[in-house]
file final_22.cif (mmCIF, C-alpha atoms and all ligand atoms)
data_input
#
loop_
_atom_site.group_PDB
_atom_site.id
_atom_site.type_symbol
_atom_site.label_atom_id
_atom_site.label_comp_id
_atom_site.auth_asym_id
_atom_site.auth_seq_id
_atom_site.Cartn_x
_atom_site.Cartn_y
_atom_site.Cartn_z
ATOM 1 C CA MET N 1 0.000 0.000 0.000
ATOM 2 C CA THR N 2 1.286 3.459 -0.881
ATOM 3 C CA ARG N 3 1.337 5.737 2.140
ATOM 4 C CA LYS N 4 0.824 9.439 1.728
ATOM 5 C CA ALA N 5 1.715 12.457 3.847
ATOM 6 C CA CYS N 6 2.074 16.160 3.162
ATOM 7 C CA VAL N 7 2.931 19.542 4.613
ATOM 8 C CA ILE N 8 0.199 22.152 4.868
ATOM 9 C CA GLY N 9 0.639 25.910 5.215
ATOM 10 C CA TRP N 10 -0.332 29.206 3.634
ATOM 11 C CA PRO N 11 1.874 30.029 1.800
ATOM 12 C CA ILE N 12 3.762 26.744 1.525
ATOM 13 C CA SER N 13 6.098 27.099 -1.463
ATOM 14 C CA HIS N 14 9.152 27.715 0.781
ATOM 15 C CA SER N 15 8.899 24.416 2.696
ATOM 16 C CA ARG N 16 11.885 22.083 2.472
ATOM 17 C CA SER N 17 9.997 19.212 4.106
ATOM 18 C CA PRO N 18 9.241 17.494 0.735
ATOM 19 C CA LEU N 19 12.978 17.388 0.018
ATOM 20 C CA ILE N 20 13.694 15.791 3.423
ATOM 21 C CA HIS N 21 10.887 13.206 3.385
ATOM 22 C CA GLY N 22 11.390 12.507 -0.335
ATOM 23 C CA TYR N 23 15.043 11.683 0.401
ATOM 24 C CA TRP N 24 14.071 9.230 3.142
ATOM 25 C CA LEU N 25 11.293 7.568 1.082
ATOM 26 C CA LYS N 26 13.851 6.844 -1.624
ATOM 27 C CA ARG N 27 16.611 5.827 0.785
ATOM 28 C CA TYR N 28 14.413 3.280 2.610
ATOM 29 C CA GLY N 29 12.660 2.079 -0.566
ATOM 30 C CA ILE N 30 9.212 2.956 0.806
ATOM 31 C CA ALA N 31 6.276 3.196 -1.606
ATOM 32 C CA GLY N 32 4.989 6.532 -0.421
ATOM 33 C CA SER N 33 4.630 10.184 -1.244
ATOM 34 C CA TYR N 34 5.039 13.479 0.569
ATOM 35 C CA GLU N 35 3.624 16.610 -1.055
ATOM 36 C CA ARG N 36 3.316 20.315 -0.395
ATOM 37 C CA LEU N 37 -0.321 21.335 0.017
ATOM 38 C CA PRO N 38 -1.416 24.974 0.169
ATOM 39 C CA VAL N 39 -4.305 25.192 2.648
ATOM 40 C CA LYS N 40 -5.972 28.521 3.432
ATOM 41 C CA PRO N 41 -7.003 29.164 7.061
ATOM 42 C CA GLU N 42 -10.686 28.882 6.126
ATOM 43 C CA GLU N 43 -10.022 25.476 4.505
ATOM 44 C CA LEU N 44 -8.252 23.924 7.494
ATOM 45 C CA SER N 45 -11.250 22.343 9.145
ATOM 46 C CA ALA N 46 -12.372 20.694 5.868
ATOM 47 C CA PHE N 47 -8.805 19.515 5.256
ATOM 48 C CA PHE N 48 -8.673 17.699 8.618
ATOM 49 C CA SER N 49 -12.197 16.277 8.217
ATOM 50 C CA SER N 50 -11.223 14.619 4.945
ATOM 51 C CA LEU N 51 -7.584 13.752 5.755
ATOM 52 C CA MET N 52 -8.126 10.037 6.402
ATOM 53 C CA ALA N 53 -10.709 9.656 3.622
ATOM 54 C CA ASN N 54 -8.133 11.151 1.264
ATOM 55 C CA GLY N 55 -5.738 8.343 2.171
ATOM 56 C CA LEU N 56 -3.271 10.484 4.113
ATOM 57 C CA ALA N 57 -1.374 8.999 7.061
ATOM 58 C CA GLY N 58 -0.868 12.531 8.402
ATOM 59 C CA CYS N 59 0.830 15.819 7.728
ATOM 60 C CA ASN N 60 3.261 18.447 8.882
ATOM 61 C CA VAL N 61 1.697 21.740 9.844
ATOM 62 C CA THR N 62 3.418 25.046 9.328
ATOM 63 C CA LEU N 63 2.495 28.736 9.542
ATOM 64 C CA PRO N 64 -0.168 29.953 10.069
ATOM 65 C CA HIS N 65 -1.912 26.714 11.124
ATOM 66 C CA LYS N 66 0.038 25.443 14.134
ATOM 67 C CA GLU N 67 -2.361 26.733 16.824
ATOM 68 C CA ALA N 68 -5.536 25.927 14.900
ATOM 69 C CA ALA N 69 -4.256 22.403 14.241
ATOM 70 C CA PHE N 70 -3.607 21.969 17.974
ATOM 71 C CA ARG N 71 -7.287 22.754 18.610
ATOM 72 C CA ALA N 72 -8.498 20.515 15.773
ATOM 73 C CA VAL N 73 -6.798 17.236 16.797
ATOM 74 C CA ARG N 74 -6.205 15.158 19.949
ATOM 75 C CA THR N 75 -3.008 16.003 21.801
ATOM 76 C CA ALA N 76 -0.645 13.044 21.705
ATOM 77 C CA ASP N 77 1.595 13.841 24.697
ATOM 78 C CA ALA N 78 1.931 16.047 27.783
ATOM 79 C CA ALA N 79 4.911 17.969 26.384
ATOM 80 C CA THR N 80 2.767 19.096 23.427
ATOM 81 C CA ALA N 81 -0.185 19.983 25.677
ATOM 82 C CA ARG N 82 1.996 22.692 27.279
ATOM 83 C CA LEU N 83 2.851 24.206 23.903
ATOM 84 C CA SER N 84 -0.635 24.731 22.428
ATOM 85 C CA VAL N 85 0.804 24.151 18.937
ATOM 86 C CA VAL N 86 1.457 21.060 16.826
ATOM 87 C CA ASN N 87 3.707 20.634 13.820
ATOM 88 C CA THR N 88 2.932 16.969 13.152
ATOM 89 C CA VAL N 89 -0.477 15.306 12.759
ATOM 90 C CA PHE N 90 -1.034 11.558 12.383
ATOM 91 C CA ALA N 91 -4.003 9.224 12.046
ATOM 92 C CA ARG N 92 -4.418 6.383 14.584
ATOM 93 C CA ASP N 93 -7.442 4.168 15.189
ATOM 94 C CA GLY N 94 -9.724 6.431 13.184
ATOM 95 C CA GLU N 95 -8.705 9.629 14.979
ATOM 96 C CA LEU N 96 -6.286 12.488 14.329
ATOM 97 C CA TRP N 97 -3.526 13.130 16.844
ATOM 98 C CA GLY N 98 -1.023 15.968 16.997
ATOM 99 C CA THR N 99 2.406 16.421 18.448
ATOM 100 C CA SER N 100 5.281 18.874 18.369
ATOM 101 C CA THR N 101 8.704 17.620 17.342
ATOM 102 C CA ASP N 102 10.639 20.921 17.486
ATOM 103 C CA GLY N 103 11.979 20.395 21.015
ATOM 104 C CA GLU N 104 13.343 16.912 20.403
ATOM 105 C CA GLY N 105 14.664 18.052 17.010
ATOM 106 C CA PHE N 106 16.551 20.875 18.663
ATOM 107 C CA LEU N 107 18.111 18.618 21.333
ATOM 108 C CA ALA N 108 19.005 15.932 18.790
ATOM 109 C CA SER N 109 20.642 18.532 16.571
ATOM 110 C CA LEU N 110 22.830 19.748 19.440
ATOM 111 C CA ALA N 111 23.760 16.175 20.395
ATOM 112 C CA ALA N 112 24.710 15.419 16.776
ATOM 113 C CA GLY N 113 26.445 18.738 16.116
ATOM 114 C CA HIS N 114 28.369 18.827 19.385
ATOM 115 C CA PRO N 115 28.848 15.209 20.505
ATOM 116 C CA GLY N 116 28.816 14.742 24.266
ATOM 117 C CA TRP N 117 26.640 17.809 24.851
ATOM 118 C CA ARG N 118 24.063 17.347 27.620
ATOM 119 C CA ALA N 119 21.361 19.780 28.774
ATOM 120 C CA ALA N 120 21.545 18.618 32.410
ATOM 121 C CA GLY N 121 22.583 21.438 34.718
ATOM 122 C CA GLN N 122 23.359 23.800 31.846
ATOM 123 C CA SER N 123 22.748 27.506 32.098
ATOM 124 C CA VAL N 124 21.067 28.710 28.904
ATOM 125 C CA VAL N 125 20.610 32.179 27.405
ATOM 126 C CA ILE N 126 17.823 32.399 24.840
ATOM 127 C CA LEU N 127 17.515 35.457 22.604
ATOM 128 C CA GLY N 128 13.858 35.690 21.600
ATOM 129 C CA ALA N 129 10.514 34.420 22.893
ATOM 130 C CA GLY N 130 8.546 33.839 19.677
ATOM 131 C CA GLY N 131 6.575 30.795 18.564
ATOM 132 C CA ALA N 132 9.583 28.486 18.261
ATOM 133 C CA THR N 133 10.974 29.316 21.699
ATOM 134 C CA ARG N 134 8.312 27.504 23.751
ATOM 135 C CA ALA N 135 9.222 24.059 22.439
ATOM 136 C CA LEU N 136 12.896 24.686 23.166
ATOM 137 C CA VAL N 137 12.258 25.882 26.717
ATOM 138 C CA GLY N 138 10.062 22.832 27.414
ATOM 139 C CA ALA N 139 12.570 20.378 25.975
ATOM 140 C CA LEU N 140 15.551 21.963 27.768
ATOM 141 C CA LEU N 141 13.771 21.945 31.128
ATOM 142 C CA ASP N 142 12.595 18.345 30.654
ATOM 143 C CA ALA N 143 16.204 17.412 29.863
ATOM 144 C CA GLY N 144 17.364 18.947 33.148
ATOM 145 C CA ALA N 145 18.686 22.371 32.117
ATOM 146 C CA GLY N 146 19.374 24.679 35.066
ATOM 147 C CA ARG N 147 18.495 28.337 34.621
ATOM 148 C CA ILE N 148 17.145 29.616 31.315
ATOM 149 C CA PHE N 149 17.590 33.361 30.830
ATOM 150 C CA ILE N 150 15.211 34.664 28.152
ATOM 151 C CA ALA N 151 15.713 38.143 26.666
ATOM 152 C CA ASN N 152 13.007 39.342 24.316
ATOM 153 C CA ARG N 153 12.110 42.665 22.718
ATOM 154 C CA THR N 154 8.535 42.247 23.941
ATOM 155 C CA ARG N 155 9.235 41.340 27.549
ATOM 156 C CA ALA N 156 5.651 40.183 28.163
ATOM 157 C CA LYS N 157 6.264 37.144 25.923
ATOM 158 C CA ALA N 158 9.274 36.113 28.018
ATOM 159 C CA GLU N 159 7.142 36.610 31.156
ATOM 160 C CA GLU N 160 4.572 34.207 29.659
ATOM 161 C CA LEU N 161 7.249 31.535 29.440
ATOM 162 C CA LYS N 162 7.977 31.908 33.155
ATOM 163 C CA ARG N 163 4.254 31.674 33.903
ATOM 164 C CA ASP N 164 3.903 28.508 31.810
ATOM 165 C CA PHE N 165 7.212 26.758 32.561
ATOM 166 C CA GLY N 166 8.104 27.959 36.077
ATOM 167 C CA CYS N 167 10.820 30.080 37.603
ATOM 168 C CA ARG N 168 13.778 28.308 35.994
ATOM 169 C CA ALA N 169 12.689 30.325 32.912
ATOM 170 C CA GLU N 170 13.759 33.895 33.766
ATOM 171 C CA PRO N 171 12.390 36.762 31.669
ATOM 172 C CA HIS N 172 14.647 39.712 30.831
ATOM 173 C CA ASP N 173 14.610 42.889 28.784
ATOM 174 C CA TRP N 174 16.184 42.772 25.327
ATOM 175 C CA ALA N 175 18.639 45.476 26.463
ATOM 176 C CA GLU N 176 20.120 42.972 28.956
ATOM 177 C CA ALA N 177 20.956 40.392 26.290
ATOM 178 C CA SER N 178 24.693 40.947 25.953
ATOM 179 C CA ASP N 179 25.150 41.227 29.732
ATOM 180 C CA LEU N 180 23.305 37.916 30.271
ATOM 181 C CA LEU N 181 25.776 36.102 28.042
ATOM 182 C CA ARG N 182 28.212 35.906 30.991
ATOM 183 C CA HIS N 183 25.928 33.158 32.463
ATOM 184 C CA ALA N 184 25.819 31.037 29.329
ATOM 185 C CA ASP N 185 26.893 27.436 28.859
ATOM 186 C CA LEU N 186 24.587 27.532 25.828
ATOM 187 C CA VAL N 187 23.323 30.503 23.772
ATOM 188 C CA ILE N 188 20.389 30.123 21.381
ATOM 189 C CA ASN N 189 19.135 32.729 18.934
ATOM 190 C CA THR N 190 15.439 32.098 18.379
ATOM 191 C CA THR N 191 14.695 35.565 16.966
ATOM 192 C CA SER N 192 14.315 36.039 13.242
ATOM 193 C CA LEU N 193 17.210 38.533 13.366
ATOM 194 C CA GLY N 194 20.076 37.469 11.144
ATOM 195 C CA MET N 195 17.778 35.578 8.773
ATOM 196 C CA THR N 196 18.158 36.420 5.090
ATOM 197 C CA GLY N 197 16.043 39.515 4.419
ATOM 198 C CA GLN N 198 15.726 40.421 8.131
ATOM 199 C CA PRO N 199 17.747 42.943 10.167
ATOM 200 C CA ALA N 200 21.070 41.833 11.672
ATOM 201 C CA LEU N 201 21.342 40.469 15.213
ATOM 202 C CA GLU N 202 23.514 43.085 16.835
ATOM 203 C CA ILE N 203 24.829 41.721 20.090
ATOM 204 C CA ASP N 204 28.203 42.203 21.756
ATOM 205 C CA LEU N 205 29.717 38.796 22.495
ATOM 206 C CA GLY N 206 32.389 40.228 24.822
ATOM 207 C CA ASN N 207 30.848 38.689 27.990
ATOM 208 C CA LEU N 208 30.403 35.234 26.510
ATOM 209 C CA PRO N 209 32.626 32.505 28.039
ATOM 210 C CA ASN N 210 34.610 31.038 25.151
ATOM 211 C CA THR N 211 33.572 27.516 26.137
ATOM 212 C CA ALA N 212 29.874 28.329 25.635
ATOM 213 C CA LEU N 213 28.108 26.479 22.831
ATOM 214 C CA VAL N 214 26.362 28.874 20.435
ATOM 215 C CA THR N 215 23.461 27.876 18.214
ATOM 216 C CA ASP N 216 20.962 29.651 16.016
ATOM 217 C CA ILE N 217 17.651 28.196 14.901
ATOM 218 C CA VAL N 218 17.746 30.449 11.832
ATOM 219 C CA TYR N 219 19.038 28.322 8.940
ATOM 220 C CA THR N 220 18.913 30.791 6.030
ATOM 221 C CA PRO N 221 21.797 31.612 5.760
ATOM 222 C CA LEU N 222 23.261 28.266 6.817
ATOM 223 C CA GLU N 223 25.808 30.013 9.015
ATOM 224 C CA THR N 224 24.414 33.225 10.479
ATOM 225 C CA ASP N 225 26.538 36.201 11.400
ATOM 226 C CA LEU N 226 26.092 35.254 15.097
ATOM 227 C CA LEU N 227 27.590 31.827 14.417
ATOM 228 C CA LYS N 228 30.436 33.283 12.348
ATOM 229 C CA ARG N 229 31.342 35.755 15.089
ATOM 230 C CA ALA N 230 31.129 33.088 17.819
ATOM 231 C CA GLU N 231 33.279 30.685 15.808
ATOM 232 C CA ALA N 232 35.858 33.411 15.137
ATOM 233 C CA ARG N 233 36.341 33.907 18.890
ATOM 234 C CA GLY N 234 36.734 30.167 19.498
ATOM 235 C CA ASN N 235 33.243 29.162 20.664
ATOM 236 C CA PRO N 236 31.828 25.837 19.474
ATOM 237 C CA ILE N 237 28.759 26.338 17.237
ATOM 238 C CA VAL N 238 25.832 24.302 15.897
ATOM 239 C CA PRO N 239 23.931 25.701 12.856
ATOM 240 C CA GLY N 240 20.109 25.678 12.709
ATOM 241 C CA LEU N 241 19.650 23.334 9.769
ATOM 242 C CA GLY N 242 20.203 20.298 12.028
ATOM 243 C CA MET N 243 17.054 21.153 13.982
ATOM 244 C CA LEU N 244 14.970 21.259 10.797
ATOM 245 C CA LEU N 245 16.240 17.811 9.795
ATOM 246 C CA HIS N 246 15.936 16.195 13.229
ATOM 247 C CA GLN N 247 12.432 17.551 13.896
ATOM 248 C CA ALA N 248 11.297 15.655 10.771
ATOM 249 C CA VAL N 249 12.367 12.221 12.090
ATOM 250 C CA ARG N 250 9.357 11.353 14.260
ATOM 251 C CA GLY N 251 6.783 12.432 11.681
ATOM 252 C CA PHE N 252 8.351 10.164 9.072
ATOM 253 C CA GLU N 253 8.342 7.275 11.555
ATOM 254 C CA LEU N 254 4.683 7.885 12.492
ATOM 255 C CA TRP N 255 3.496 7.978 8.846
ATOM 256 C CA PHE N 256 5.799 5.533 7.106
ATOM 257 C CA GLY N 257 6.789 3.130 9.927
ATOM 258 C CA THR N 258 10.570 3.462 9.694
ATOM 259 C CA ARG N 259 12.683 5.649 11.965
ATOM 260 C CA PRO N 260 14.941 7.521 9.521
ATOM 261 C CA GLU N 261 18.481 8.676 10.062
ATOM 262 C CA VAL N 262 19.757 12.216 9.610
ATOM 263 C CA THR N 263 22.850 11.576 7.506
ATOM 264 C CA ASP N 264 25.579 13.852 6.166
ATOM 265 C CA ASP N 265 24.137 13.165 2.692
ATOM 266 C CA LEU N 266 20.738 14.530 3.701
ATOM 267 C CA TYR N 267 22.334 17.539 5.414
ATOM 268 C CA ASP N 268 24.322 18.325 2.271
ATOM 269 C CA LEU N 269 21.273 17.905 0.007
ATOM 270 C CA VAL N 270 19.194 20.420 1.974
ATOM 271 C CA ALA N 271 22.167 22.741 2.570
ATOM 272 C CA ARG N 272 22.760 22.907 -1.213
ATOM 273 C CA ASP N 273 19.088 23.681 -1.753
ATOM 274 C CA ILE N 274 19.461 26.647 0.604
ATOM 275 C CA ASP N 275 22.863 27.716 -0.706
ATOM 276 C CA PRO N 276 23.941 26.224 -4.052
ATOM 277 C CA GLY N 277 27.547 27.215 -3.200
ATOM 278 C CA TYR N 278 27.542 25.144 0.016
ATOM 279 C CA ARG N 279 30.543 22.819 0.523
ATOM 280 C CA ARG N 280 30.952 20.568 3.535
HETATM 281 N N1 LIG E 1 15.621 25.402 12.593
HETATM 282 C C1 LIG E 1 14.328 25.140 12.664
HETATM 283 O O1 LIG E 1 13.874 23.989 12.554
HETATM 284 C C2 LIG E 1 13.362 26.257 12.945
HETATM 285 C C3 LIG E 1 12.108 25.965 13.515
HETATM 286 C C4 LIG E 1 11.233 27.037 13.783
HETATM 287 C C5 LIG E 1 11.619 28.341 13.471
HETATM 288 N N2 LIG E 1 12.843 28.554 12.917
HETATM 289 C C6 LIG E 1 13.282 29.942 12.609
HETATM 290 O O2 LIG E 1 13.297 30.665 13.836
HETATM 291 C C7 LIG E 1 12.990 32.030 13.626
HETATM 292 C C8 LIG E 1 11.888 32.463 14.578
HETATM 293 O O3 LIG E 1 10.713 31.734 14.278
HETATM 294 P P1 LIG E 1 9.371 31.917 15.141
HETATM 295 O O4 LIG E 1 8.341 31.065 14.492
HETATM 296 O O5 LIG E 1 9.625 31.741 16.597
HETATM 297 O O6 LIG E 1 9.043 33.464 14.807
HETATM 298 P P2 LIG E 1 8.152 34.497 15.630
HETATM 299 O O7 LIG E 1 7.119 33.799 16.454
HETATM 300 O O8 LIG E 1 7.716 35.513 14.644
HETATM 301 O O9 LIG E 1 9.196 35.188 16.657
HETATM 302 C C9 LIG E 1 10.164 36.088 16.220
HETATM 303 C C10 LIG E 1 11.086 36.457 17.373
HETATM 304 O O10 LIG E 1 12.062 37.403 16.865
HETATM 305 C C11 LIG E 1 11.996 38.599 17.633
HETATM 306 N N3 LIG E 1 12.290 39.760 16.786
HETATM 307 C C12 LIG E 1 11.843 39.994 15.536
HETATM 308 N N4 LIG E 1 12.313 41.181 15.081
HETATM 309 C C13 LIG E 1 13.073 41.699 16.090
HETATM 310 C C14 LIG E 1 13.821 42.892 16.241
HETATM 311 N N5 LIG E 1 13.881 43.804 15.254
HETATM 312 N N6 LIG E 1 14.493 43.101 17.402
HETATM 313 C C15 LIG E 1 14.428 42.183 18.408
HETATM 314 N N7 LIG E 1 13.729 41.016 18.326
HETATM 315 C C16 LIG E 1 13.056 40.788 17.187
HETATM 316 C C17 LIG E 1 10.572 38.639 18.161
HETATM 317 O O11 LIG E 1 10.487 39.516 19.251
HETATM 318 P P3 LIG E 1 9.032 40.083 19.704
HETATM 319 O O12 LIG E 1 8.412 39.022 20.543
HETATM 320 O O13 LIG E 1 9.368 41.321 20.447
HETATM 321 O O14 LIG E 1 8.250 40.350 18.436
HETATM 322 C C18 LIG E 1 10.389 37.156 18.534
HETATM 323 O O15 LIG E 1 11.049 36.847 19.736
HETATM 324 C C19 LIG E 1 12.627 32.138 12.131
HETATM 325 O O16 LIG E 1 13.769 32.591 11.441
HETATM 326 C C20 LIG E 1 12.315 30.709 11.739
HETATM 327 O O17 LIG E 1 12.574 30.458 10.367
HETATM 328 C C21 LIG E 1 13.722 27.552 12.652
#

call {"tool": "encode", "arguments": {"input": "final_22.cif", "output": "structure tokens", "more": "lines below"}}
Ligand SMILES: NC(=O)c1ccc[n+]([C@@H]2O[C@H](COP(=O)([O-])OP(=O)(O)OC[C@H]3O[C@@H](n4cnc5c(N)ncnc54)[C@H](OP(=O)(O)O)[C@@H]3O)[C@@H](O)[C@H]2O)c1
result
Amino acid sequence: MTRKACVIGWPISHSRSPLIHGYWLKRYGIAGSYERLPVKPEELSAFFSSLMANGLAGCNVTLPHKEAAFRAVRTADAATARLSVVNTVFARDGELWGTSTDGEGFLASLAAGHPGWRAAGQSVVILGAGGATRALVGALLDAGAGRIFIANRTRAKAEELKRDFGCRAEPHDWAEASDLLRHADLVINTTSLGMTGQPALEIDLGNLPNTALVTDIVYTPLETDLLKRAEARGNPIVPGLGMLLHQAVRGFELWFGTRPEVTDDLYDLVARDIDPGYRR
């Protein structure tokens, strides 16, 4: 039987998920398909109602549907219940279930990109408190991280994270960001600053211990200015593309029944799609 999955969003043309899942379908010799499907907000409910009848095993959900999808399906796990968003929907026993794989994708990317790295006891500085930050805070706390300092332009959003995740998540003003770096074992940029077409992330790295691991969830460009500057001063770095690849693993397993591997080949394929001049 051919299994089918897709990614829905509006717009959806930018999604690299078909490249990732298409690679795995071919690699594991699975008779299946994974398509991009533009779905307008007003079409979402009809899309979910007919998902199983249309022969789909599930889908990825991207902007702007992540919250609405959370409300439309059953929540598969407690970690996702705290997030109020899903990025992965799957059919089981005649019902639709949703989960979020961003947190595990982020942790797996760090473990792969910086072997031996563990969250336990680590002091983390997060720049940003947007939609993607919640999953990271949840996953880091579940994995035993110590204090998580969160600096965001709109402080109220960082305060919300403390309210929802407890006092190990400490909200701060954006103006404190470079000062907070002195606490960091791990620094994460979750703002859109530094992304192609967005303003630069201007932050003084002078206070950052040079042993601190620096990562950016922005993956266009593949190596952001933050990562370049951190690397130049001797800090270890992990680029954001790994998270995109690792967050896709569980969805593929849920729909197609095989747990896929994130290989160098896959990394290079997607990296070249982002930057044709990319060389490992
Ligand atoms: N690697 C991956 O798998 C992955 C997964 C998800 C997202 N991402 C990337 O992560 C980035 C953020 O995504 P998101 O969904 O969390 O976006 P979002 O919800 O729109 O959040 C954007 C964040 O950037 C901050 N920001 C934007 N402009 C700013 C400025 N001029 N000065 C200071 N802060 C500013 C926002 O602060 P305010 O709260 O003050 O607006 C907010 O914290 C995007 O580049 C996205 O592509 C990557």

call {"tool": "resolve_selection", "arguments": {"input": "final_22.cif", "expression": "the PyMOL selection byres (((chain N and resi 159) around 9) and not hetatm)", "output": "number ranges by chain"}}
result
N: 150, 155-158, 160-164, 169-172

call {"tool": "residues_near_ligand", "arguments": {"input": "final_22.cif", "ligand": "ligand LIG 1 (chain E)", "cutoff": "6 Å", "atoms": "all atoms listed in the file", "output": "list in words"}}
result
Gly128, Ala129, Gly130, Gly131, Ala132, Thr133, Asn152, Arg153, Thr154, Thr190, Thr191, Ser192, Leu193, Met195, Ile217, Val218, Tyr219, Gly240, Leu241, Met243 and Leu244 of chain N

call {"tool": "closest_residue", "arguments": {"input": "final_22.cif", "among": "N:Arg147, N:His246, N:Arg71, N:His65", "to": "His183 in chain N", "atoms": "all atoms listed in the file"}}
result
N:Arg147

call {"tool": "closest_atom_pairs", "arguments": {"input": "final_22.cif", "of": "range 60-148 of chain N", "to": "range 1-13 of chain N", "cutoff": "8 Å", "atoms": "only C-alpha atoms", "output": "tab-separated table"}}
result
residue	atom	partner	partner_atom	distance
N:Asn60	CA	N:Val7	CA	4.4
N:Val61	CA	N:Ile8	CA	5.2
N:Thr62	CA	N:Gly9	CA	5.0
N:Leu63	CA	N:Gly9	CA	5.5
N:Pro64	CA	N:Gly9	CA	6.4
N:His65	CA	N:Gly9	CA	6.5

call {"tool": "atom_distance", "arguments": {"input": "final_22.cif", "atom1": "CA of Gly103 in chain N", "atom2": "CA of Arg279 in chain N"}}
result
27.8 Å

call {"tool": "closest_residue", "arguments": {"input": "final_22.cif", "among": "N:Ala212, N:Ile20, N:Leu254, N:Leu222", "to": "Gly194 in chain N", "atoms": "only C-alpha atoms"}}
result
N:Leu222

call {"tool": "resolve_selection", "arguments": {"input": "final_22.cif", "expression": "the PyMOL selection byres (((chain N and resi 210) around 12) and not hetatm)", "output": "PyMOL selection string"}}
result
chain N and resi 181-187+205-209+211-214+229-237

call {"tool": "residues_near_point", "arguments": {"input": "final_22.cif", "point": "(18.1, 44.2, 24.6)", "cutoff": "8 Å", "atoms": "only C-alpha atoms", "output": "list in words"}}
result
Ala151, Asn152, Arg153, Asp173, Trp174, Ala175, Glu176, Ala177 and Ser178 of chain N

call {"tool": "resolve_selection", "arguments": {"input": "final_22.cif", "expression": "the PyMOL selection byres (((chain N and resi 260) around 10) and not hetatm)", "output": "PyMOL selection string"}}
result
chain N and resi 21+24-25+27-28+246+248-253+256-259+261-263

call {"tool": "write_last_selection", "arguments": {"input": "final_22.cif", "atoms": "C-alpha atoms", "output": "compact mmCIF listing (two decimals), in the coordinates of the input"}}
result
# COMPACT_ATOMS: atom_id res chain seq x y z
CA HIS N 21 10.89 13.21 3.38
CA TRP N 24 14.07 9.23 3.14
CA LEU N 25 11.29 7.57 1.08
CA ARG N 27 16.61 5.83 0.78
CA TYR N 28 14.41 3.28 2.61
CA HIS N 246 15.94 16.20 13.23
CA ALA N 248 11.30 15.66 10.77
CA VAL N 249 12.37 12.22 12.09
CA ARG N 250 9.36 11.35 14.26
CA GLY N 251 6.78 12.43 11.68
CA PHE N 252 8.35 10.16 9.07
CA GLU N 253 8.34 7.28 11.56
CA PHE N 256 5.80 5.53 7.11
CA GLY N 257 6.79 3.13 9.93
CA THR N 258 10.57 3.46 9.69
CA ARG N 259 12.68 5.65 11.96
CA GLU N 261 18.48 8.68 10.06
CA VAL N 262 19.76 12.22 9.61
CA THR N 263 22.85 11.58 7.51

call {"tool": "atom_distance", "arguments": {"input": "final_22.cif", "atom1": "CA of Leu201 in chain N", "atom2": "CA of Leu127 in chain N"}}
result
9.7 Å

call {"tool": "closest_residue", "arguments": {"input": "final_22.cif", "among": "N:Tyr34, N:Phe149, N:Phe48, N:Phe90", "to": "Ala68 in chain N", "atoms": "all atoms listed in the file"}}
result
N:Phe48

call {"tool": "atom_distance", "arguments": {"input": "final_22.cif", "atom1": "CA of Tyr23 in chain N", "atom2": "CA of Glu223 in chain N"}}
result
22.9 Å

call {"tool": "closest_residue", "arguments": {"input": "final_22.cif", "among": "N:His14, N:Ala78, N:Trp255, N:Val86", "to": "Ala31 in chain N", "atoms": "all atoms listed in the file"}}
result
N:Trp255
